[in-house]
>>> print(open('data_31.tsv').read())   # TSV, C-alpha atoms
chain	number	residue	atom	x	y	z
P	22	MET	CA	18.67	28.93	-0.68
P	23	ASN	CA	15.08	28.25	0.37
P	24	SER	CA	13.93	24.68	0.85
P	25	PRO	CA	11.60	23.35	-1.86
P	26	LYS	CA	7.92	23.01	-1.12
P	27	VAL	CA	7.88	19.27	-1.80
P	28	SER	CA	10.48	16.50	-1.70
P	29	ILE	CA	9.49	13.49	-3.83
P	30	ILE	CA	11.26	10.29	-2.77
P	31	VAL	CA	11.46	7.48	-5.35
P	32	PRO	CA	12.92	4.09	-4.35
P	33	VAL	CA	14.35	2.62	-7.55
P	34	TYR	CA	14.92	-1.07	-8.18
P	35	ASN	CA	14.86	-3.15	-11.38
P	36	ILE	CA	12.24	-1.02	-13.10
P	37	GLU	CA	14.13	0.25	-16.15
P	38	LYS	CA	11.20	-0.34	-18.52
P	39	TYR	CA	8.84	2.12	-16.78
P	40	PHE	CA	11.23	4.50	-15.03
P	41	SER	CA	11.31	7.21	-17.71
P	42	HIS	CA	7.51	7.45	-17.80
P	43	CYS	CA	7.47	8.01	-14.06
P	44	MET	CA	10.19	10.65	-14.20
P	45	ASP	CA	8.51	12.51	-17.07
P	46	SER	CA	5.43	12.94	-14.87
P	47	LEU	CA	7.56	14.25	-11.97
P	48	LEU	CA	9.88	16.57	-13.87
P	49	ASN	CA	6.94	18.20	-15.66
P	50	GLN	CA	4.82	18.92	-12.60
P	51	SER	CA	2.94	22.22	-12.65
P	52	LEU	CA	4.47	22.86	-9.19
P	53	GLN	CA	8.10	23.44	-10.11
P	54	ASP	CA	9.39	24.16	-6.61
P	55	ILE	CA	10.17	20.52	-5.87
P	56	GLU	CA	13.11	18.20	-5.43
P	57	ILE	CA	13.20	14.58	-6.55
P	58	VAL	CA	15.29	12.19	-4.46
P	59	LEU	CA	16.08	9.01	-6.37
P	60	VAL	CA	17.29	6.15	-4.20
P	61	ASP	CA	18.99	3.44	-6.25
P	62	ASP	CA	18.46	0.38	-4.07
P	63	GLY	CA	21.28	-1.62	-5.65
P	64	SER	CA	19.34	-2.10	-8.87
P	65	PRO	CA	20.90	-4.70	-11.23
P	66	ASP	CA	19.67	-3.09	-14.48
P	67	ARG	CA	20.29	0.34	-16.08
P	68	CYS	CA	18.40	2.19	-13.35
P	69	PRO	CA	21.54	3.39	-11.49
P	70	ALA	CA	22.88	5.00	-14.67
P	71	MET	CA	19.45	6.43	-15.47
P	72	CYS	CA	19.29	8.03	-12.01
P	73	ASP	CA	22.62	9.77	-12.63
P	74	GLU	CA	21.49	10.90	-16.08
P	75	PHE	CA	18.34	12.48	-14.65
P	76	ALA	CA	20.44	14.30	-12.05
P	77	MET	CA	22.73	15.68	-14.75
P	78	GLN	CA	19.76	16.92	-16.75
P	79	ASP	CA	17.88	18.64	-13.91
P	80	PRO	CA	19.39	20.23	-10.76
P	81	ARG	CA	16.23	19.38	-8.77
P	82	VAL	CA	17.16	15.69	-8.89
P	83	LYS	CA	19.30	14.13	-6.15
P	84	VAL	CA	20.60	10.57	-6.24
P	85	VAL	CA	21.54	8.08	-3.55
P	86	HIS	CA	23.20	4.77	-4.47
P	87	LYS	CA	23.00	2.07	-1.80
P	88	GLU	CA	23.01	-1.68	-1.26
P	89	ASN	CA	19.72	-3.47	-1.75
P	90	GLU	CA	17.59	-3.52	1.41
P	91	GLY	CA	14.06	-3.04	0.07
P	92	ALA	CA	11.73	-0.12	-0.55
P	93	GLY	CA	11.16	0.75	3.12
P	94	PHE	CA	14.82	1.31	3.92
P	95	ALA	CA	15.32	3.04	0.54
P	96	ARG	CA	12.64	5.56	1.53
P	97	ASN	CA	14.48	6.12	4.82
P	98	SER	CA	17.66	6.91	2.87
P	99	GLY	CA	15.68	9.40	0.81
P	100	LEU	CA	14.26	11.02	3.97
P	101	ALA	CA	17.79	11.54	5.27
P	102	LEU	CA	18.55	13.65	2.20
P	103	ALA	CA	15.20	15.41	1.69
P	104	VAL	CA	14.81	19.07	2.71
P	105	GLY	CA	11.30	19.91	1.43
P	106	GLU	CA	8.51	21.37	3.54
P	107	TYR	CA	6.35	18.36	2.64
P	108	VAL	CA	7.36	14.87	1.53
P	109	ALA	CA	5.79	12.49	-0.98
P	110	PHE	CA	6.62	8.93	-2.02
P	111	VAL	CA	6.27	7.65	-5.59
P	112	ASP	CA	7.04	4.16	-6.91
P	113	PRO	CA	9.10	4.18	-10.13
P	114	ASP	CA	6.70	2.05	-12.19
P	115	ASP	CA	3.80	4.43	-11.49
P	116	TYR	CA	3.20	8.05	-12.46
P	117	MET	CA	1.44	11.21	-11.28
P	118	ALA	CA	-1.05	13.60	-12.83
P	119	LEU	CA	0.88	16.70	-13.92
P	120	ASN	CA	-0.97	18.92	-11.44
P	121	ALA	CA	-0.70	16.42	-8.59
P	122	PHE	CA	1.70	18.21	-6.26
P	123	GLU	CA	0.27	21.64	-6.92
P	124	ARG	CA	-3.15	20.31	-5.92
P	125	LEU	CA	-1.82	18.44	-2.85
P	126	TYR	CA	0.32	21.34	-1.65
P	127	THR	CA	-2.49	23.87	-2.15
P	128	ALA	CA	-4.83	21.68	-0.09
P	129	ALA	CA	-2.19	21.33	2.64
P	130	MET	CA	-1.65	25.10	2.81
P	131	ALA	CA	-5.37	25.89	2.83
P	132	THR	CA	-6.06	23.58	5.78
P	133	ASN	CA	-2.68	23.48	7.58
P	134	ALA	CA	-2.87	19.70	7.16
P	135	ASP	CA	-0.23	17.31	8.47
P	136	VAL	CA	-1.07	14.95	5.61
P	137	VAL	CA	-3.22	15.15	2.49
P	138	TYR	CA	-4.44	11.93	0.86
P	139	SER	CA	-5.75	11.89	-2.72
P	140	SER	CA	-7.67	9.34	-4.74
P	141	SER	CA	-5.95	7.21	-7.36
P	142	TYR	CA	-6.29	5.20	-10.53
P	143	LEU	CA	-5.11	1.67	-11.17
P	144	PHE	CA	-3.99	0.73	-14.67
P	145	ASN	CA	-2.47	-2.29	-16.37
P	146	ASN	CA	-0.26	-2.91	-19.36
P	147	GLN	CA	-3.27	-3.81	-21.50
P	148	GLY	CA	-4.48	-0.21	-21.42
P	149	TYR	CA	-7.29	-0.60	-18.90
P	150	THR	CA	-7.64	2.07	-16.18
P	151	TRP	CA	-10.06	2.05	-13.26
P	152	ARG	CA	-10.70	4.28	-10.25
P	153	GLU	CA	-9.46	2.70	-7.03
P	154	THR	CA	-11.08	4.99	-4.48
P	155	ASN	CA	-14.53	6.53	-4.67
P	156	ILE	CA	-14.31	9.58	-2.40
P	157	ASN	CA	-16.47	12.27	-4.01
P	158	LYS	CA	-15.87	15.15	-1.61
P	159	GLU	CA	-13.12	16.59	0.55
P	160	LEU	CA	-12.96	15.02	4.02
P	161	ARG	CA	-11.35	16.63	7.04
P	162	TYR	CA	-10.31	14.90	10.26
P	163	ASP	CA	-9.15	17.38	12.92
P	164	THR	CA	-10.06	15.81	16.25
P	165	ARG	CA	-8.34	12.92	17.99
P	166	GLU	CA	-11.48	10.77	17.71
P	167	GLU	CA	-11.88	11.43	13.97
P	168	ILE	CA	-8.24	10.66	13.21
P	169	ARG	CA	-8.37	7.45	15.24
P	170	ARG	CA	-11.52	6.41	13.36
P	171	ARG	CA	-9.70	6.98	10.09
P	172	MET	CA	-6.82	4.85	11.36
P	173	LEU	CA	-9.23	1.98	12.00
P	174	ASP	CA	-10.79	2.38	8.54
P	175	MET	CA	-7.28	2.35	7.06
P	176	ILE	CA	-6.69	-1.07	8.63
P	177	ALA	CA	-9.98	-2.64	7.51
P	178	LYS	CA	-13.72	-2.14	7.63
P	179	PRO	CA	-15.89	-3.76	10.36
P	180	PRO	CA	-16.75	-7.45	9.79
P	181	LYS	CA	-20.25	-6.74	8.45
P	182	SER	CA	-19.07	-4.29	5.79
P	183	GLY	CA	-19.20	-5.45	2.17
P	184	ASN	CA	-15.87	-3.77	1.40
P	185	ASN	CA	-12.57	-4.62	3.00
P	186	TRP	CA	-11.29	-1.05	2.64
P	187	ASP	CA	-12.69	2.35	1.73
P	188	VAL	CA	-9.56	4.24	2.81
P	189	GLN	CA	-6.19	4.14	1.07
P	190	ASN	CA	-3.42	2.74	3.30
P	191	SER	CA	-0.46	3.14	0.94
P	192	VAL	CA	1.99	6.03	1.22
P	193	TRP	CA	1.84	6.97	-2.44
P	194	SER	CA	-0.80	9.55	-3.45
P	195	ALA	CA	-0.23	11.43	-0.19
P	196	LEU	CA	1.69	14.49	0.99
P	197	TYR	CA	3.25	14.42	4.49
P	198	ARG	CA	4.50	17.30	6.65
P	199	HIS	CA	8.27	16.82	6.79
P	200	SER	CA	8.78	18.26	10.28
P	201	LEU	CA	6.80	15.40	11.87
P	202	PHE	CA	9.31	12.87	10.54
P	203	LYS	CA	12.12	14.64	12.37
P	204	LYS	CA	10.19	15.49	15.54
P	205	PHE	CA	9.01	11.94	16.19
P	206	ASN	CA	11.81	10.02	14.39
P	207	LEU	CA	9.34	8.40	12.00
P	208	LEU	CA	10.88	5.83	9.67
P	209	PHE	CA	9.76	2.92	7.52
P	210	PRO	CA	10.25	-0.67	8.65
P	211	SER	CA	11.53	-3.23	6.18
P	212	GLU	CA	8.74	-4.80	4.13
P	213	ARG	CA	10.82	-7.96	4.37
P	214	VAL	CA	10.01	-8.03	8.09
P	215	LEU	CA	6.64	-6.27	8.36
P	216	ILE	CA	4.89	-7.25	5.16
P	217	THR	CA	2.54	-4.23	5.05
P	218	ASP	CA	5.09	-1.53	5.85
P	219	ASP	CA	3.01	1.25	4.25
P	220	LEU	CA	0.15	0.66	6.66
P	221	TRP	CA	2.50	0.41	9.63
P	222	PHE	CA	4.10	3.74	8.69
P	223	ASN	CA	0.77	5.49	8.16
P	224	LEU	CA	-0.58	4.35	11.53
P	225	ASN	CA	2.50	5.58	13.36
P	226	TYR	CA	2.43	8.88	11.46
P	227	LEU	CA	-1.27	9.52	12.08
P	228	LEU	CA	-0.77	9.12	15.83
P	229	HIS	CA	0.98	12.51	15.76
P	230	CYS	CA	-1.37	14.39	13.42
P	231	THR	CA	-3.81	17.14	14.33
P	232	CYS	CA	-5.31	17.63	10.85
P	233	VAL	CA	-5.76	15.02	8.11
P	234	ILE	CA	-7.34	15.79	4.73
P	235	SER	CA	-8.62	13.50	1.95
P	236	ILE	CA	-9.37	15.06	-1.42
P	237	PRO	CA	-11.39	13.35	-4.17
P	238	ASP	CA	-8.97	14.17	-7.01
P	239	PRO	CA	-7.44	11.02	-8.57
P	240	LEU	CA	-3.81	12.15	-8.84
P	241	TYR	CA	-1.78	8.94	-8.64
P	242	TYR	CA	-1.65	6.24	-11.34
P	243	PHE	CA	-0.70	2.87	-9.87
P	244	ARG	CA	0.51	0.22	-12.29
P	245	PHE	CA	-1.11	-3.14	-11.56
P	246	ASN	CA	1.83	-5.44	-12.17
P	247	PRO	CA	1.32	-9.18	-11.48
P	248	LEU	CA	5.08	-9.55	-10.99
P	249	SER	CA	5.36	-6.82	-8.34
P	250	LEU	CA	6.35	-7.55	-4.75
P	251	THR	CA	2.76	-7.38	-3.53
P	252	ASN	CA	1.49	-9.86	-6.13
P	253	ILE	CA	4.30	-12.37	-6.42
P	254	VAL	CA	3.60	-15.92	-5.20
P	255	ARG	CA	5.33	-16.46	-1.87
P	256	SER	CA	4.97	-19.57	0.27
P	257	ASP	CA	5.83	-17.62	3.44
P	258	LYS	CA	3.35	-14.77	2.92
P	259	ILE	CA	0.80	-16.01	5.47
P	260	THR	CA	3.50	-16.67	8.09
P	261	LYS	CA	4.87	-13.16	7.62
P	262	SER	CA	1.36	-11.71	7.61
P	263	HIS	CA	0.67	-13.40	10.94
P	264	TYR	CA	3.88	-11.88	12.32
P	265	PHE	CA	2.66	-8.45	11.22
P	266	TYR	CA	-0.80	-9.19	12.66
P	267	GLN	CA	0.72	-9.84	16.08
P	268	HIS	CA	2.65	-6.56	15.94
P	269	LEU	CA	-0.48	-4.71	14.83
P	270	LEU	CA	-2.51	-6.12	17.73
P	271	ALA	CA	0.21	-4.99	20.16
P	272	PHE	CA	0.24	-1.50	18.59
P	273	LEU	CA	-3.56	-1.18	18.85
P	274	LYS	CA	-3.58	-2.41	22.44
P	275	ALA	CA	-0.81	0.00	23.46
P	276	ASN	CA	-2.78	2.89	21.97
P	277	ASP	CA	-6.13	1.90	23.53
P	278	PHE	CA	-8.09	0.96	20.41
P	279	GLY	CA	-9.91	-1.75	22.37
P	280	ALA	CA	-12.15	-4.45	20.90
P	281	GLU	CA	-12.74	-2.49	17.69
P	282	GLY	CA	-9.02	-2.52	16.99
P	283	TYR	CA	-9.00	-6.32	17.33
P	284	LEU	CA	-11.91	-6.69	14.88
P	285	ARG	CA	-10.28	-4.50	12.24
P	286	ALA	CA	-6.83	-6.07	12.58
P	287	THR	CA	-8.23	-9.59	12.41
P	288	ARG	CA	-10.30	-8.83	9.32
P	289	LEU	CA	-7.14	-7.45	7.71
P	290	PHE	CA	-5.20	-10.63	8.48
P	291	ILE	CA	-8.02	-12.81	7.14
P	292	GLU	CA	-8.15	-10.79	3.91
P	293	ILE	CA	-4.37	-10.80	3.37
P	294	SER	CA	-4.41	-14.56	3.90
P	295	ARG	CA	-7.27	-15.02	1.43
P	296	VAL	CA	-5.39	-13.04	-1.22
P	297	ALA	CA	-2.19	-15.01	-0.57
P	298	ILE	CA	-4.07	-18.31	-0.98
P	299	SER	CA	-5.70	-17.10	-4.20
P	300	GLN	CA	-2.33	-16.07	-5.64
P	301	PHE	CA	-0.81	-19.43	-4.74
P	302	VAL	CA	-3.73	-21.35	-6.28
P	303	GLN	CA	-3.44	-19.29	-9.50
P	304	SER	CA	0.30	-19.89	-9.80
P	305	SER	CA	1.94	-22.22	-12.30
P	306	LEU	CA	3.15	-24.57	-9.57
P	307	PRO	CA	2.07	-28.24	-9.80
P	308	ARG	CA	-1.35	-28.98	-8.36
P	309	LYS	CA	0.12	-31.47	-5.88
P	310	GLU	CA	2.43	-28.79	-4.49
P	311	LYS	CA	-0.46	-26.34	-4.13
P	312	ILE	CA	-2.56	-28.90	-2.24
P	313	GLN	CA	0.34	-29.73	0.07
P	314	TRP	CA	0.90	-26.02	0.82
P	315	LEU	CA	-2.80	-25.51	1.53
P	316	LYS	CA	-2.73	-28.48	3.91
P	317	LEU	CA	0.20	-27.01	5.85
P	318	THR	CA	-1.48	-23.59	5.87
P	319	ALA	CA	-4.84	-24.91	7.10
P	320	ASN	CA	-3.13	-26.84	9.90
P	321	GLN	CA	-1.82	-23.65	11.51
P	322	PRO	CA	-3.33	-23.41	15.04
P	323	PHE	CA	-4.13	-19.70	14.87
P	324	TRP	CA	-7.15	-20.22	12.56
P	325	GLY	CA	-9.04	-22.01	15.31
P	326	GLU	CA	-8.04	-19.31	17.81
P	327	ILE	CA	-9.41	-16.62	15.50
P	328	ALA	CA	-12.62	-18.56	14.82
P	329	ALA	CA	-13.27	-18.75	18.56
P	330	SER	CA	-13.03	-14.96	19.08
P	331	PHE	CA	-13.79	-13.28	15.75
P	332	PRO	CA	-17.36	-13.14	14.32
P	333	TYR	CA	-16.35	-14.50	10.93
P	334	ARG	CA	-19.96	-15.38	10.08
P	335	GLN	CA	-20.64	-11.64	9.86
P	336	LEU	CA	-18.23	-11.36	6.92
P	337	PRO	CA	-19.71	-11.23	3.41
P	338	LEU	CA	-20.60	-14.78	2.40
P	339	LYS	CA	-17.77	-15.28	-0.11
P	340	TYR	CA	-15.18	-14.31	2.54
P	341	ALA	CA	-16.90	-16.16	5.40
P	342	LEU	CA	-16.99	-19.39	3.41
P	343	HIS	CA	-13.33	-19.07	2.47
P	344	PHE	CA	-12.34	-18.66	6.13
P	345	TYR	CA	-14.66	-21.47	7.23
P	346	LEU	CA	-12.99	-23.95	4.86
P	347	LEU	CA	-9.58	-22.74	6.02
P	348	TYR	CA	-10.09	-23.12	9.75
P	349	LYS	CA	-11.99	-26.42	9.29
P	350	ARG	CA	-8.89	-27.65	7.44
P	351	SER	CA	-10.92	-28.54	4.35
P	352	TYR	CA	-7.93	-27.73	2.21
P	353	ARG	CA	-9.03	-29.67	-0.89
P	354	LEU	CA	-12.40	-27.92	-0.99
P	355	LEU	CA	-10.59	-24.66	-0.32
P	356	TYR	CA	-8.41	-25.28	-3.37
P	357	TYR	CA	-11.39	-25.65	-5.70
P	358	TYR	CA	-13.30	-22.79	-4.08
P	359	ALA	CA	-10.34	-20.43	-4.45
P	360	LYS	CA	-9.80	-21.53	-8.05
P	361	LEU	CA	-13.47	-20.93	-8.91
P	362	PHE	CA	-13.46	-17.56	-7.17
P	363	CYS	CA	-10.32	-16.45	-9.06
P	364	THR	CA	-11.77	-17.60	-12.40
P	365	LEU	CA	-14.98	-15.65	-11.86
P	366	LYS	CA	-13.01	-12.58	-10.80
P	367	GLN	CA	-10.86	-12.75	-13.96
P	368	LEU	CA	-13.95	-13.10	-16.16
P	369	LEU	CA	-15.52	-10.07	-14.47
P	370	MET	CA	-12.38	-8.04	-15.05
P	371	GLN	CA	-12.27	-9.03	-18.73
P	372	CYS	CA	-15.91	-8.02	-19.14
P	373	LYS	CA	-15.21	-4.63	-17.58
P	374	MET	CA	-12.21	-4.10	-19.86
P	375	PHE	CA	-14.29	-5.06	-22.92
P	376	ILE	CA	-17.12	-2.69	-21.95
P	377	ASN	CA	-14.74	0.22	-21.27
P	378	LYS	CA	-13.00	-0.24	-24.62
>>> encode(input="data_31.tsv", output="structure tokens")
Amino acid sequence: MNSPKVSIIVPVYNIEKYFSHCMDSLLNQSLQDIEIVLVDDGSPDRCPAMCDEFAMQDPRVKVVHKENEGAGFARNSGLALAVGEYVAFVDPDDYMALNAFERLYTAAMATNADVVYSSSYLFNNQGYTWRETNINKELRYDTREEIRRRMLDMIAKPPKSGNNWDVQNSVWSALYRHSLFKKFNLLFPSERVLITDDLWFNLNYLLHCTCVISIPDPLYYFRFNPLSLTNIVRSDKITKSHYFYQHLLAFLKANDFGAEGYLRATRLFIEISRVAISQFVQSSLPRKEKIQWLKLTANQPFWGEIAASFPYRQLPLKYALHFYLLYKRSYRLLYYYAKLFCTLKQLLMQCKMFINK
């Protein structure tokens, strides 16, 4: 029996409410020569039974049941079972355009690409959908220098840039050549250890690529869920982000990315920290607890070290001011600044939703 063209790996955990919508979009793909590997990561709800039901209904579905270890290790379990020519990763609360894998696979075949990235939509439970990436033409990277430049852009933009990212760094909405996983023993770290495991995987994968393609088609629909792992309020998020930052700096140094690698990695760490602070300030925790956490965060010694070596004044004003208050340990002013910034951002989002409706 021939191997399928695409293996789709879905780590499944506590997502019963949205799981069927995701699976409908996968089972009804215009490219039928696929397999779907569902990895039940010890889910406490009906998801394990739903996985088995999908497998009984369609022979293209495989199921792995395992103890809970997180999405990264669940994807690794799926990779151990996958046999497709190319591999994709889909989160179970999201969904794909029905022509997604036909379009991705066709692009991969036409260019002999090691990976094809597509654009995506974000949507929320209130019915609002917006385009996340704004690529309007196909982009090809087939030299070492071009691929390394894309890797840097995947980490973050230069300090002076108005945007933090123009390049998707998640593994969803992409199609990866399966043989590279085996040849170079490429696996996912645990997101419980390296907080941005998608980026870490992509960087390690791209090191071994000779052709990378980005297509403008928005094929992946990402559910913006305030309760998801990436948005949940966590008091240790900055500490874990700093741990990842140190690993990222070591990776970039080992692969000769030089001063530019430092600038991109540091901007990423500053942005992740800003988002973590905003989420904490918006939480329902008592104000006194928020202020105390901000005080402990601002007293970390690495902010001063970064301020001495990173040109933070080149950042857009709203980000530069946030970092300035942080490293100057003005944690009370930082609290009110973050709260104001979040309020204005929410108002802007509501206006956009109203206009689009």
>>> closest_residue(input="data_31.tsv", among="P:Gly63, P:Pro80, P:Pro25, P:Pro180", to="Ala103 of chain P", atoms="only C-alpha atoms")
P:Pro25
>>> closest_atom_pairs(input="data_31.tsv", of="segment 79-141 of chain P", to="segment 199-213 of chain P", cutoff="8 Å", atoms="only C-alpha atoms", output="tab-separated table")
residue	atom	partner	partner_atom	distance
P:Glu90	CA	P:Ser211	CA	7.7
P:Gly91	CA	P:Ser211	CA	6.6
P:Ala92	CA	P:Glu212	CA	7.3
P:Gly93	CA	P:Ser211	CA	5.0
P:Phe94	CA	P:Ser211	CA	6.0
P:Arg96	CA	P:Phe209	CA	7.2
P:Asn97	CA	P:Leu208	CA	6.0
P:Gly105	CA	P:His199	CA	6.9
P:Glu106	CA	P:His199	CA	5.6
P:Tyr107	CA	P:His199	CA	4.8
P:Val108	CA	P:His199	CA	5.7
>>> residues_around(input="data_31.tsv", residues="segment 67-74 of chain P", least_positions_apart="4", cutoff="9 Å", atoms="all atoms listed in the file", output="PyMOL selection string")
chain P and resi 33-37+40-41+59-63+78-79+82-86
>>> residues_around(input="data_31.tsv", residues="Ala129 of chain P", least_positions_apart="4", cutoff="10 Å", atoms="all atoms listed in the file", output="PyMOL selection string")
chain P and resi 107+123-125+133-138+196-198+232-234
>>> write_last_selection(input="data_31.tsv", atoms="C-alpha atoms", output="compact mmCIF listing (two decimals), in the frame of the given file")
# COMPACT_ATOMS: atom_id res chain seq x y z
CA TYR P 107 6.35 18.36 2.64
CA GLU P 123 0.27 21.64 -6.92
CA ARG P 124 -3.15 20.31 -5.92
CA LEU P 125 -1.82 18.44 -2.85
CA ASN P 133 -2.68 23.48 7.58
CA ALA P 134 -2.87 19.70 7.16
CA ASP P 135 -0.23 17.31 8.47
CA VAL P 136 -1.07 14.95 5.61
CA VAL P 137 -3.22 15.15 2.49
CA TYR P 138 -4.44 11.93 0.86
CA LEU P 196 1.69 14.49 0.99
CA TYR P 197 3.25 14.42 4.49
CA ARG P 198 4.50 17.30 6.65
CA CYS P 232 -5.31 17.63 10.85
CA VAL P 233 -5.76 15.02 8.11
CA ILE P 234 -7.34 15.79 4.73
>>> closest_atom_pairs(input="data_31.tsv", of="segment 103-221 of chain P", to="segment 331-346 of chain P", cutoff="9 Å", atoms="only C-alpha atoms", output="CSV")
residue,atom,partner,partner_atom,distance
P:Pro179,CA,P:Leu336,CA,8.7
P:Pro180,CA,P:Leu336,CA,5.1
P:Lys181,CA,P:Gln335,CA,5.1
P:Ser182,CA,P:Leu336,CA,7.2
P:Gly183,CA,P:Pro337,CA,5.9
P:Asn184,CA,P:Pro337,CA,8.6
>>> write_last_selection(input="data_31.tsv", atoms="C-alpha atoms", output="compact mmCIF listing (two decimals), keeping the file's coordinate frame")
# COMPACT_ATOMS: atom_id res chain seq x y z
CA PRO P 179 -15.89 -3.76 10.36
CA PRO P 180 -16.75 -7.45 9.79
CA LYS P 181 -20.25 -6.74 8.45
CA SER P 182 -19.07 -4.29 5.79
CA GLY P 183 -19.20 -5.45 2.17
CA ASN P 184 -15.87 -3.77 1.40
>>> residues_around(input="data_31.tsv", residues="Phe362 of chain P", least_positions_apart="5", cutoff="12 Å", atoms="only C-alpha atoms", output="compact mmCIF listing (two decimals) with C-alpha atoms, in the frame of the given file")
# COMPACT_ATOMS: atom_id res chain seq x y z
CA ARG P 295 -7.27 -15.02 1.43
CA VAL P 296 -5.39 -13.04 -1.22
CA ILE P 298 -4.07 -18.31 -0.98
CA SER P 299 -5.70 -17.10 -4.20
CA GLN P 300 -2.33 -16.07 -5.64
CA VAL P 302 -3.73 -21.35 -6.28
CA GLN P 303 -3.44 -19.29 -9.50
CA LYS P 339 -17.77 -15.28 -0.11
CA TYR P 340 -15.18 -14.31 2.54
CA LEU P 342 -16.99 -19.39 3.41
CA HIS P 343 -13.33 -19.07 2.47
CA LEU P 355 -10.59 -24.66 -0.32
CA TYR P 356 -8.41 -25.28 -3.37
CA TYR P 357 -11.39 -25.65 -5.70
CA GLN P 367 -10.86 -12.75 -13.96
CA LEU P 368 -13.95 -13.10 -16.16
CA LEU P 369 -15.52 -10.07 -14.47
>>> atom_distance(input="data_31.tsv", atom1="atom CA of Ser304 of chain P", atom2="atom CA of Leu269 of chain P")
28.9 Å
>>> residues_around(input="data_31.tsv", residues="Lys261 of chain P", least_positions_apart="5", cutoff="12 Å", atoms="only C-alpha atoms", output="PyMOL selection string")
chain P and resi 212-218+255-256+266-268+290+293-294+297
>>> closest_residue(input="data_31.tsv", among="P:Asp115, P:Asp174, P:Asp187, P:Glu56", to="Cys43 of chain P", atoms="all atoms listed in the file")
P:Asp115
>>> residues_near_point(input="data_31.tsv", point="(-6.1, -11.5, 9.8)", cutoff="10 Å", atoms="all atoms listed in the file", output="VMD selection string")
chain P and resid 177 259 262 to 263 265 to 267 283 to 295 323 to 324 327 331
